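Asker: Quick one: structure below, then a few questions.
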Amino acid sequence: MSATAAILRNSVTRISAVILVFTLGASAWLAYRLDVSRPEVPSQEVLYLQTPRAVKIISLGYTGLAACIYWTRAVQYFGEKNVAKSKRFDLLQPLLDLTVSLDPHMVPAYEFGAIFLAQAPPYGAGMPDAAVKFVERGIHDNPTDWRLYYHLGFIQYIERHDYKAAADAFTRASDVAGHPAWMNAMPALMSQRAGDIETARVLWTRMYENAENEAMRKNAYLRLVALHVDDDVIHLEALTATYQQRTGNYPVGWREMIAAGLLKGVPVDPSGEPYRLAANGKVVVEDPARFPFITKGIPSGQKAAQTVTDESEKLLKNH
């Protein structure tokens with residue numbers, strides 16, 4: 001091949017890459033302009049290139065680059081919906097499908113895309129069954145990556161409460177070369193301690209440690225804080241029941257519990273505020289807005305926060 005032909009070929013390649021990036025970027029910009037130009041009209045989410053075949057054609061063979069662009073768009077879309085506390089994530093699944101159709105070996109898209117799909121709004125699309133199918137697709141395309149089996153087991157346990165399926169996922173992981181040693185204990189943990197707080201804590205801790213996305217890391221941290229509160233309340237209410245059995249009455253304050261030798265000091269929640277004793281030995285948090293996702297310690301007539309509030313943001317800032 002002559003030097004002139006080689007130069008011409010390289011020039012065409014560069015120009016094609018520039019055209020690809022410009023075209024995909026322009027489509028995103030156009031979608032944004034359409035949204036802001038019609039603020040009075042309910043937003044109708046549209047994915048202009050809906051099939052992998054169409055994207056592959058327009059990408060001129062640069063499918064890896066196109067996959068990265070669509071994965072970035074999926075993450076941005078999810079982040080915007082999360083911040084807006086949206087209950088609908090209509091474009092999330094199509095964006096994820098396009099991403100992995102263009103690059104079936106983009107493991108982070110399967111890992112975190114599945115979590116985006118699985119969790120309830122506004123932390124996800126509330127589609128745990130679709131999430132399972134998505135990560136199983138990732139396992140089919142990347143059978144030697146242990147992280148995908150972990151995410152499958154996580155979704156089965158935390159989101160679908162299918163403890164047998166979770167144990168099966170971790171058992172499958174034990175056959176994958178290179179999996180970490182702690183994975184070997186997971187199948188028994190799933191089966192023997194299904195549904196308890198400690199098992200959920202183990203899973204959320206691993207999710208926190210392995211999160212590559214800051215929003216997911218924060219979410220995992222708040223879930224761990226919620227489990228801490230639930231555990232505290234269960235323990236403290238067991239102690240108030242013990243006090244009632246000894247004295248015939250429930251305590252009206254922590255000082256009584258301390259004097260009885262049941263506590264060493266006034267118990268405090270993860271934000272440093274003392275827990276409060278309610279009627280009949282019940283234990284509640286002073287402000288449930290601090291703790292999204294708690295299931296215990298909620299004052300009568302109130303509900304736990306299901307999103308990150310100003311109060312719970314303080315926990316994240318202090319972390």
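Chains: A, B, ... in order of the structure tokens. Residues: from 1 per chain. Ligands: from 1, in order shown.
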Extract, using only C-alpha atoms, all DNA, RNA and protein residues at most 9 Å from A:Thr144, discarding same-chain residues fewer than 6 positions from it, and format them as a PyMOL selection string.
Answerer: chain A and resi 173+176-178
Asker: Those same residues, written as a PDB file, in the first residue's frame with N, CA and C atoms?
Answerer:
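Below you can see part-v6.pdb, which holds the result:
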ATOM      1  N   ALA A 173     -21.009 -19.018  41.555  1.00  0.00           N
ATOM      2  CA  ALA A 173     -19.795 -18.198  41.603  1.00  0.00           C
ATOM      3  C   ALA A 173     -18.611 -18.997  42.110  1.00  0.00           C
ATOM      4  N   VAL A 176     -16.224 -20.341  39.597  1.00  0.00           N
ATOM      5  CA  VAL A 176     -15.524 -19.391  38.732  1.00  0.00           C
ATOM      6  C   VAL A 176     -14.123 -19.145  39.271  1.00  0.00           C
ATOM      7  N   ALA A 177     -13.140 -19.339  38.437  1.00  0.00           N
ATOM      8  CA  ALA A 177     -11.754 -19.121  38.851  1.00  0.00           C
ATOM      9  C   ALA A 177     -11.537 -17.657  39.229  1.00  0.00           C
ATOM     10  N   GLY A 178     -10.795 -17.451  40.319  1.00  0.00           N
ATOM     11  CA  GLY A 178     -10.452 -16.093  40.721  1.00  0.00           C
ATOM     12  C   GLY A 178     -11.442 -15.449  41.663  1.00  0.00           C
TER      13      GLY A 178
END
Asker: Skip A:Tyr70 itself and residues of its chain fewer than 6 positions away, then list as a PyMOL selection string all residues within 8 Å of it, counting only C-alpha atoms.
Answerer: chain A and resi 95-96+98-99
Asker: Keeping only C-alpha atoms, take the residues you just selected and write them out as a PDB file, in the first residue's frame.
Answerer:
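Below is the file result37.pdb, written as the result:
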ATOM      1  CA  LEU A  95     -30.319   2.506  27.144  1.00  0.00           C
ATOM      2  CA  LEU A  96     -28.843  -0.462  28.986  1.00  0.00           C
ATOM      3  CA  LEU A  98     -28.255  -0.670  23.592  1.00  0.00           C
ATOM      4  CA  THR A  99     -25.073  -0.442  25.666  1.00  0.00           C
TER       5      THR A  99
END
Asker: To one decimal in Å, tell me the separation between atom CA of A:Ala169 and atom CA of A:Leu152.
Answerer: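 Calculated distance between atom CA of A:Ala169 and atom CA of A:Leu152 is 6.3 Å.
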Asker: What is the atom CA of A:Tyr275 to atom CA of A:Lys296 distance in Å?
Answerer: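 Taking atom CA of A:Tyr275 and atom CA of A:Lys296, their separation equals 11.8 Å.
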Asker: Extract, using only C-alpha atoms, all DNA, RNA and protein residues at most 6 Å from stretch 105-110 of chain A, discarding same-chain residues fewer than 2 positions from it, and format them as number ranges by chain.
Answerer: A: 103, 112-114, 135, 138
Asker: Do you know which residues are at most 12 Å from A:Leu236 counting only C-alpha atoms, after dropping those on the same chain fewer than 2 positions away, and could you put them as JSON, numbers by chain?
Answerer: {"A": [229, 230, 231, 232, 233, 234, 238, 239, 240, 241, 242, 243, 251, 254, 257, 262, 263, 266, 267, 268, 269, 275, 276, 277, 278, 281, 282, 283, 284, 285, 296, 297]}
Asker: Of the candidates A:Gln156, A:Ser191, A:Lys164, A:Trp71, which one gets nearest to A:Ala118 if we count only C-alpha atoms?
Answerer: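 The answer is A:Gln156, which sits nearest to A:Ala118.
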Asker: Could you name the residues that touch stretch 83-92 of chain A at 7 Å or less, counting only C-alpha atoms, but leaving out those on the same chain fewer than 2 positions away, as a PyMOL selection string?
Answerer: chain A and resi 45+74+78-81+94-96+121-122+125
Asker: Those residues you just picked out, can you put them in a file as a tab-separated table (two decimals), in the first residue's frame with C-alpha atoms?
Answerer:
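Result written to out06.tsv:
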chain	number	residue	atom	x	y	z
A	45	GLU	CA	-39.02	10.48	26.87
A	74	ALA	CA	-27.54	5.68	30.93
A	78	PHE	CA	-30.30	7.48	36.04
A	79	GLY	CA	-28.59	10.22	38.05
A	80	GLU	CA	-30.97	12.91	36.83
A	81	LYS	CA	-34.01	10.77	37.62
A	94	PRO	CA	-33.55	0.61	26.47
A	95	LEU	CA	-30.32	2.51	27.14
A	96	LEU	CA	-28.84	-0.46	28.99
A	121	PRO	CA	-37.86	4.39	42.87
A	122	PRO	CA	-36.24	6.87	43.23
A	125	ALA	CA	-36.68	1.57	38.19
Asker: Find, counting only C-alpha atoms, the residue in A:Tyr157, A:Tyr149, A:Tyr163, A:Phe291 that gets nearest to A:Leu224.
Answerer: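 Among the listed residues, the smallest separation from A:Leu224 belongs to A:Phe291.
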Asker: Have a look at atom CA of A:His179 and atom CA of A:Arg201 and let me know their distance in Å, one decimal.
Answerer: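 Answer for the atom CA of A:His179 to atom CA of A:Arg201 separation: 20.3 Å.
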